[in-house]
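To start, the structure under review is shown below, and the notes come after it.
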Amino acid sequence: MSANRRCAEISSRLEKKVVGPPGGIDEAARFYSKVVGLERIDRPETLGGIGAWFRVGAQELHVSEHEGFVPAVKAHPAFELAAAELDALAARLEKAAAEVRWDDRLPGARRFYSFDPAGNRLEFLTRA
């Protein structure tokens with residue numbers, strides 16, 4: 001069986017994961033739902049611990065607490081959205097006092113970086 005054939009048999013349930021400091025889930029949940037505009041979904045109680053889950057198109061974003069938390073300032077989740085939504089999101093983030101750092105280095109895309117309340121880097125982009 002070829003590698004391509006094996007990969008085609010894997011179902012895709014893609015998740016993006018972000019961690020924050022203990023006690024930071026409520027603030028993160030407000031940021032991702034109210035400012036970024038993601039739909040909060042139920043997190044299975046059987047998992048234990050504290051966290052918040054969100055729908056991101058066909059994917060999910062899982063936010064959880066971690067005792068040894070260090071903000072992810074280089075590795076980061078990226079979210080692709082329509083051009084009008086990108087500008088509207090940048091405006092919401094700025095209104096919420098979150099940094100918006102535009103970056104024109106990716107050919108064929110408009111994008112910016114921002115940071116969640118815990119300092120994790122996030123990328124938002126639209127393809128031209």
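Labels used: A, B, ... for chains in the order of the structure tokens, numbers from 1 for residues in each chain, and numbers from 1 for ligands as shown.
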For range 93-106 of chain A, find every residue with an atom within 10 Å (counting only C-alpha atoms), except residues of its own chain fewer than 6 positions away, and show them as a list in words. Phe31, Lys34, Val35, Val36, Asp87, Phe112, Tyr113, Ser114, Phe115, Asp116, Pro117, Gly119, Leu122, Glu123, Phe124, Leu125 and Arg127 of chain A
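Taking only C-alpha atoms into account, Ala58 in chain A lies nearest to A:Leu38 out of the set A:Leu89, A:Ala75, A:Ala28, A:Leu38.
Between CA of Ser33 in chain A and CA of Leu81 in chain A there is a distance of 15.6 Å.
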Pro77 in chain A surroundings by only C-alpha atoms, 10 Å radius, close-in-sequence under 2 positions cut, as a list of chain:residue names: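 Here the qualifying residues turn out to be A:Glu15, A:Lys16, A:Lys17, A:Val18, A:Leu61, A:Ala72, A:Lys74, A:Ala75, A:Phe79, A:Asn120, A:Arg121, A:Leu122, A:Glu123, A:Phe124.
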Hey, which of A:Gly57, A:Pro71, A:Gly37, A:Gly49 ends up closest to Ala88 in chain A? Count only C-alpha atoms. A:Gly37
Would you pick out the contacts of Pro44 in chain A at 10 Å or less, using only C-alpha atoms, so that residues sharing its chain but fewer than 6 positions from it are not included, and give the list as a ChimeraX atom specification? /A:51-53
For all heavy atoms, I'd like the residues from the last selection saved as a PDB file, in the first residue's frame.
ATOM      1  N   GLY A  51     -11.171  23.504  30.739  1.00  0.00           N
ATOM      2  CA  GLY A  51     -10.898  23.916  29.373  1.00  0.00           C
ATOM      3  C   GLY A  51     -12.129  24.473  28.706  1.00  0.00           C
ATOM      4  O   GLY A  51     -13.225  24.476  29.272  1.00  0.00           O
ATOM      5  N   ALA A  52     -11.958  24.950  27.494  1.00  0.00           N
ATOM      6  CA  ALA A  52     -13.046  25.471  26.684  1.00  0.00           C
ATOM      7  C   ALA A  52     -12.791  25.062  25.236  1.00  0.00           C
ATOM      8  O   ALA A  52     -11.646  25.128  24.770  1.00  0.00           O
ATOM      9  CB  ALA A  52     -13.129  26.990  26.805  1.00  0.00           C
ATOM     10  N   TRP A  53     -13.840  24.630  24.548  1.00  0.00           N
ATOM     11  CA  TRP A  53     -13.725  24.210  23.154  1.00  0.00           C
ATOM     12  C   TRP A  53     -14.560  25.137  22.278  1.00  0.00           C
ATOM     13  O   TRP A  53     -15.613  25.632  22.697  1.00  0.00           O
ATOM     14  CB  TRP A  53     -14.223  22.784  22.982  1.00  0.00           C
ATOM     15  CG  TRP A  53     -13.314  21.722  23.514  1.00  0.00           C
ATOM     16  CD1 TRP A  53     -12.245  21.868  24.350  1.00  0.00           C
ATOM     17  CD2 TRP A  53     -13.403  20.322  23.242  1.00  0.00           C
ATOM     18  NE1 TRP A  53     -11.679  20.659  24.625  1.00  0.00           N
ATOM     19  CE2 TRP A  53     -12.365  19.685  23.957  1.00  0.00           C
ATOM     20  CE3 TRP A  53     -14.263  19.550  22.490  1.00  0.00           C
ATOM     21  CZ2 TRP A  53     -12.165  18.310  23.908  1.00  0.00           C
ATOM     22  CZ3 TRP A  53     -14.072  18.182  22.442  1.00  0.00           C
ATOM     23  CH2 TRP A  53     -13.024  17.566  23.142  1.00  0.00           C
TER      24      TRP A  53
END
Mind checking which residues fall within 7 Å of Pro21 in chain A, counting only C-alpha atoms, ignoring those fewer than 4 positions away in the same chain, and posting them as a PyMOL selection string? chain A and resi 65-67+69
From a DSSP calculation on the backbone, collect every residue of chain A in strand (DSSP E or B) and output the set as a tab-separated table (two decimals) with N, CA and C atoms, in the first residue's frame.
chain	number	residue	atom	x	y	z
A	15	GLU	N	-7.82	19.51	15.06
A	15	GLU	CA	-7.98	20.32	16.25
A	15	GLU	C	-6.77	21.22	16.38
A	16	LYS	N	-7.00	22.44	16.80
A	16	LYS	CA	-5.94	23.36	17.14
A	16	LYS	C	-5.96	23.46	18.65
A	17	LYS	N	-4.81	23.44	19.25
A	17	LYS	CA	-4.75	23.47	20.71
A	17	LYS	C	-3.97	24.70	21.17
A	18	VAL	N	-4.49	25.32	22.23
A	18	VAL	CA	-3.86	26.47	22.84
A	18	VAL	C	-3.92	26.24	24.34
A	19	VAL	N	-2.86	26.55	25.05
A	19	VAL	CA	-2.88	26.44	26.51
A	19	VAL	C	-2.72	27.81	27.13
A	20	GLY	N	-3.16	27.91	28.36
A	20	GLY	CA	-3.05	29.14	29.12
A	20	GLY	C	-2.69	28.83	30.55
A	39	GLU	N	-17.67	29.98	17.88
A	39	GLU	CA	-18.79	29.34	18.55
A	39	GLU	C	-18.27	28.40	19.64
A	40	ARG	N	-18.68	28.65	20.87
A	40	ARG	CA	-18.27	27.75	21.96
A	40	ARG	C	-19.11	26.48	21.88
A	41	ILE	N	-18.44	25.35	22.04
A	41	ILE	CA	-19.13	24.06	22.00
A	41	ILE	C	-18.86	23.31	23.30
A	51	GLY	N	-11.17	23.50	30.74
A	51	GLY	CA	-10.90	23.92	29.37
A	51	GLY	C	-12.13	24.47	28.71
A	52	ALA	N	-11.96	24.95	27.49
A	52	ALA	CA	-13.05	25.47	26.68
A	52	ALA	C	-12.79	25.06	25.24
A	53	TRP	N	-13.84	24.63	24.55
A	53	TRP	CA	-13.73	24.21	23.15
A	53	TRP	C	-14.56	25.14	22.28
A	54	PHE	N	-14.09	25.33	21.05
A	54	PHE	CA	-14.76	26.22	20.10
A	54	PHE	C	-14.77	25.58	18.72
A	55	ARG	N	-15.82	25.88	17.95
A	55	ARG	CA	-15.89	25.43	16.57
A	55	ARG	C	-15.21	26.46	15.69
A	56	VAL	N	-14.37	25.98	14.77
A	56	VAL	CA	-13.67	26.82	13.81
A	56	VAL	C	-13.92	26.19	12.44
A	59	GLN	N	-13.26	22.52	11.92
A	59	GLN	CA	-12.25	22.16	12.92
A	59	GLN	C	-12.68	22.63	14.30
A	60	GLU	N	-11.84	22.35	15.28
A	60	GLU	CA	-12.10	22.79	16.64
A	60	GLU	C	-10.85	23.43	17.23
A	61	LEU	N	-11.06	24.37	18.13
A	61	LEU	CA	-9.99	24.95	18.92
A	61	LEU	C	-10.22	24.50	20.35
A	62	HIS	N	-9.22	23.89	20.95
A	62	HIS	CA	-9.29	23.44	22.34
A	62	HIS	C	-8.35	24.30	23.17
A	63	VAL	N	-8.89	24.93	24.19
A	63	VAL	CA	-8.10	25.76	25.11
A	63	VAL	C	-8.11	25.07	26.46
A	64	SER	N	-6.94	24.90	27.03
A	64	SER	CA	-6.86	24.26	28.34
A	64	SER	C	-5.80	24.94	29.20
A	65	GLU	N	-5.85	24.65	30.48
A	65	GLU	CA	-4.88	25.20	31.43
A	65	GLU	C	-3.68	24.27	31.54
A	78	ALA	N	-3.36	29.11	12.95
A	78	ALA	CA	-3.71	30.08	11.92
A	78	ALA	C	-5.16	29.86	11.53
A	79	PHE	N	-5.89	30.94	11.33
A	79	PHE	CA	-7.30	30.90	10.99
A	79	PHE	C	-7.49	31.65	9.68
A	80	GLU	N	-8.10	30.99	8.69
A	80	GLU	CA	-8.35	31.63	7.41
A	80	GLU	C	-9.81	32.08	7.34
A	101	ARG	N	-0.87	43.03	14.37
A	101	ARG	CA	0.41	43.26	13.68
A	101	ARG	C	0.30	42.72	12.25
A	102	TRP	N	0.05	43.61	11.29
A	102	TRP	CA	-0.08	43.21	9.88
A	102	TRP	C	1.26	42.74	9.35
A	103	ASP	N	1.21	41.75	8.45
A	103	ASP	CA	2.43	41.16	7.88
A	103	ASP	C	2.17	40.87	6.40
A	109	ALA	N	-1.53	36.47	0.09
A	109	ALA	CA	-2.36	36.49	1.30
A	109	ALA	C	-2.26	37.85	1.98
A	110	ARG	N	-3.34	38.22	2.65
A	110	ARG	CA	-3.33	39.34	3.60
A	110	ARG	C	-3.44	38.68	4.96
A	111	ARG	N	-2.60	39.10	5.88
A	111	ARG	CA	-2.65	38.46	7.19
A	111	ARG	C	-2.16	39.40	8.28
A	112	PHE	N	-2.55	39.04	9.49
A	112	PHE	CA	-2.01	39.74	10.66
A	112	PHE	C	-1.87	38.74	11.80
A	113	TYR	N	-1.06	39.14	12.75
A	113	TYR	CA	-0.87	38.38	13.97
A	113	TYR	C	-1.49	39.15	15.13
A	114	SER	N	-1.98	38.42	16.10
A	114	SER	CA	-2.46	39.01	17.32
A	114	SER	C	-2.10	38.04	18.45
A	115	PHE	N	-2.54	38.37	19.65
A	115	PHE	CA	-2.21	37.54	20.81
A	115	PHE	C	-3.45	37.40	21.68
A	121	ARG	N	0.48	33.60	20.43
A	121	ARG	CA	0.42	34.20	19.11
A	121	ARG	C	-0.66	33.51	18.27
A	122	LEU	N	-1.41	34.30	17.51
A	122	LEU	CA	-2.47	33.81	16.63
A	122	LEU	C	-2.30	34.46	15.26
A	123	GLU	N	-2.56	33.72	14.20
A	123	GLU	CA	-2.49	34.26	12.86
A	123	GLU	C	-3.87	34.23	12.23
A	124	PHE	N	-4.24	35.32	11.57
A	124	PHE	CA	-5.51	35.42	10.86
A	124	PHE	C	-5.20	35.87	9.45
A	125	LEU	N	-5.76	35.17	8.44
A	125	LEU	CA	-5.41	35.51	7.06
A	125	LEU	C	-6.55	35.26	6.10
A	126	THR	N	-6.41	35.88	4.94
A	126	THR	CA	-7.28	35.64	3.81
A	126	THR	C	-6.38	35.49	2.59
A	127	ARG	N	-6.78	34.61	1.70
A	127	ARG	CA	-6.00	34.39	0.47
A	127	ARG	C	-6.51	35.35	-0.60
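If you measure from each of A:Leu47, A:Ala90, A:Val73, A:Asp42 to Ala118 in chain A using only C-alpha atoms, the closest one turns out to be A:Val73.
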Report the residues of chain A whose backbone DSSP state falls under alpha helix (DSSP H), written as an MDAnalysis selection string. chainID A and resid 3:8 25:30 83:95
Please produce an output containing N, CA and C atoms for each residue in the selection, written as a PDB file, in the first residue's frame.
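Just written: part02.pdb:
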ATOM      1  N   ALA A   3       2.020   5.263   0.466  1.00  0.00           N
ATOM      2  CA  ALA A   3       1.821   6.234   1.540  1.00  0.00           C
ATOM      3  C   ALA A   3       0.591   7.089   1.264  1.00  0.00           C
ATOM      4  N   ASN A   4       0.360   7.459   0.006  1.00  0.00           N
ATOM      5  CA  ASN A   4      -0.813   8.262  -0.338  1.00  0.00           C
ATOM      6  C   ASN A   4      -2.097   7.494  -0.029  1.00  0.00           C
ATOM      7  N   ARG A   5      -2.117   6.231  -0.312  1.00  0.00           N
ATOM      8  CA  ARG A   5      -3.300   5.405  -0.052  1.00  0.00           C
ATOM      9  C   ARG A   5      -3.562   5.323   1.447  1.00  0.00           C
ATOM     10  N   ARG A   6      -2.519   5.122   2.225  1.00  0.00           N
ATOM     11  CA  ARG A   6      -2.693   5.049   3.680  1.00  0.00           C
ATOM     12  C   ARG A   6      -3.243   6.363   4.226  1.00  0.00           C
ATOM     13  N   CYS A   7      -2.721   7.492   3.768  1.00  0.00           N
ATOM     14  CA  CYS A   7      -3.190   8.795   4.259  1.00  0.00           C
ATOM     15  C   CYS A   7      -4.643   9.026   3.892  1.00  0.00           C
ATOM     16  N   ALA A   8      -5.064   8.564   2.738  1.00  0.00           N
ATOM     17  CA  ALA A   8      -6.444   8.756   2.306  1.00  0.00           C
ATOM     18  C   ALA A   8      -7.421   8.020   3.211  1.00  0.00           C
ATOM     19  N   ILE A  25      -8.972  30.313  31.979  1.00  0.00           N
ATOM     20  CA  ILE A  25      -9.936  29.793  31.003  1.00  0.00           C
ATOM     21  C   ILE A  25     -11.101  30.752  30.766  1.00  0.00           C
ATOM     22  N   ASP A  26     -11.650  31.365  31.808  1.00  0.00           N
ATOM     23  CA  ASP A  26     -12.787  32.271  31.612  1.00  0.00           C
ATOM     24  C   ASP A  26     -12.408  33.445  30.722  1.00  0.00           C
ATOM     25  N   GLU A  27     -11.253  34.028  30.956  1.00  0.00           N
ATOM     26  CA  GLU A  27     -10.792  35.153  30.135  1.00  0.00           C
ATOM     27  C   GLU A  27     -10.542  34.701  28.693  1.00  0.00           C
ATOM     28  N   ALA A  28      -9.945  33.528  28.530  1.00  0.00           N
ATOM     29  CA  ALA A  28      -9.704  32.990  27.190  1.00  0.00           C
ATOM     30  C   ALA A  28     -11.024  32.713  26.481  1.00  0.00           C
ATOM     31  N   ALA A  29     -11.994  32.152  27.188  1.00  0.00           N
ATOM     32  CA  ALA A  29     -13.293  31.845  26.596  1.00  0.00           C
ATOM     33  C   ALA A  29     -13.992  33.119  26.136  1.00  0.00           C
ATOM     34  N   ARG A  30     -13.944  34.169  26.941  1.00  0.00           N
ATOM     35  CA  ARG A  30     -14.533  35.451  26.524  1.00  0.00           C
ATOM     36  C   ARG A  30     -13.835  35.987  25.275  1.00  0.00           C
ATOM     37  N   ALA A  83     -12.092  38.102   3.260  1.00  0.00           N
ATOM     38  CA  ALA A  83     -11.431  39.408   3.352  1.00  0.00           C
ATOM     39  C   ALA A  83     -12.195  40.392   4.241  1.00  0.00           C
ATOM     40  N   ALA A  84     -13.498  40.507   4.048  1.00  0.00           N
ATOM     41  CA  ALA A  84     -14.289  41.440   4.856  1.00  0.00           C
ATOM     42  C   ALA A  84     -14.256  41.048   6.329  1.00  0.00           C
ATOM     43  N   GLU A  85     -14.282  39.758   6.597  1.00  0.00           N
ATOM     44  CA  GLU A  85     -14.210  39.284   7.975  1.00  0.00           C
ATOM     45  C   GLU A  85     -12.851  39.565   8.599  1.00  0.00           C
ATOM     46  N   LEU A  86     -11.796  39.490   7.801  1.00  0.00           N
ATOM     47  CA  LEU A  86     -10.445  39.755   8.309  1.00  0.00           C
ATOM     48  C   LEU A  86     -10.353  41.184   8.826  1.00  0.00           C
ATOM     49  N   ASP A  87     -10.846  42.139   8.038  1.00  0.00           N
ATOM     50  CA  ASP A  87     -10.805  43.536   8.457  1.00  0.00           C
ATOM     51  C   ASP A  87     -11.689  43.789   9.672  1.00  0.00           C
ATOM     52  N   ALA A  88     -12.866  43.172   9.699  1.00  0.00           N
ATOM     53  CA  ALA A  88     -13.768  43.335  10.841  1.00  0.00           C
ATOM     54  C   ALA A  88     -13.147  42.754  12.114  1.00  0.00           C
ATOM     55  N   LEU A  89     -12.489  41.609  11.988  1.00  0.00           N
ATOM     56  CA  LEU A  89     -11.836  40.999  13.150  1.00  0.00           C
ATOM     57  C   LEU A  89     -10.694  41.870  13.645  1.00  0.00           C
ATOM     58  N   ALA A  90      -9.902  42.412  12.735  1.00  0.00           N
ATOM     59  CA  ALA A  90      -8.809  43.302  13.143  1.00  0.00           C
ATOM     60  C   ALA A  90      -9.364  44.484  13.932  1.00  0.00           C
ATOM     61  N   ALA A  91     -10.477  45.037  13.483  1.00  0.00           N
ATOM     62  CA  ALA A  91     -11.096  46.166  14.187  1.00  0.00           C
ATOM     63  C   ALA A  91     -11.588  45.746  15.572  1.00  0.00           C
ATOM     64  N   ARG A  92     -12.217  44.565  15.685  1.00  0.00           N
ATOM     65  CA  ARG A  92     -12.683  44.084  16.999  1.00  0.00           C
ATOM     66  C   ARG A  92     -11.515  43.861  17.955  1.00  0.00           C
ATOM     67  N   LEU A  93     -10.444  43.280  17.431  1.00  0.00           N
ATOM     68  CA  LEU A  93      -9.271  43.040  18.281  1.00  0.00           C
ATOM     69  C   LEU A  93      -8.681  44.360  18.775  1.00  0.00           C
ATOM     70  N   GLU A  94      -8.547  45.324  17.881  1.00  0.00           N
ATOM     71  CA  GLU A  94      -8.002  46.627  18.291  1.00  0.00           C
ATOM     72  C   GLU A  94      -8.906  47.297  19.321  1.00  0.00           C
ATOM     73  N   LYS A  95     -10.224  47.202  19.125  1.00  0.00           N
ATOM     74  CA  LYS A  95     -11.178  47.780  20.084  1.00  0.00           C
ATOM     75  C   LYS A  95     -11.047  47.114  21.454  1.00  0.00           C
TER      76      LYS A  95
END
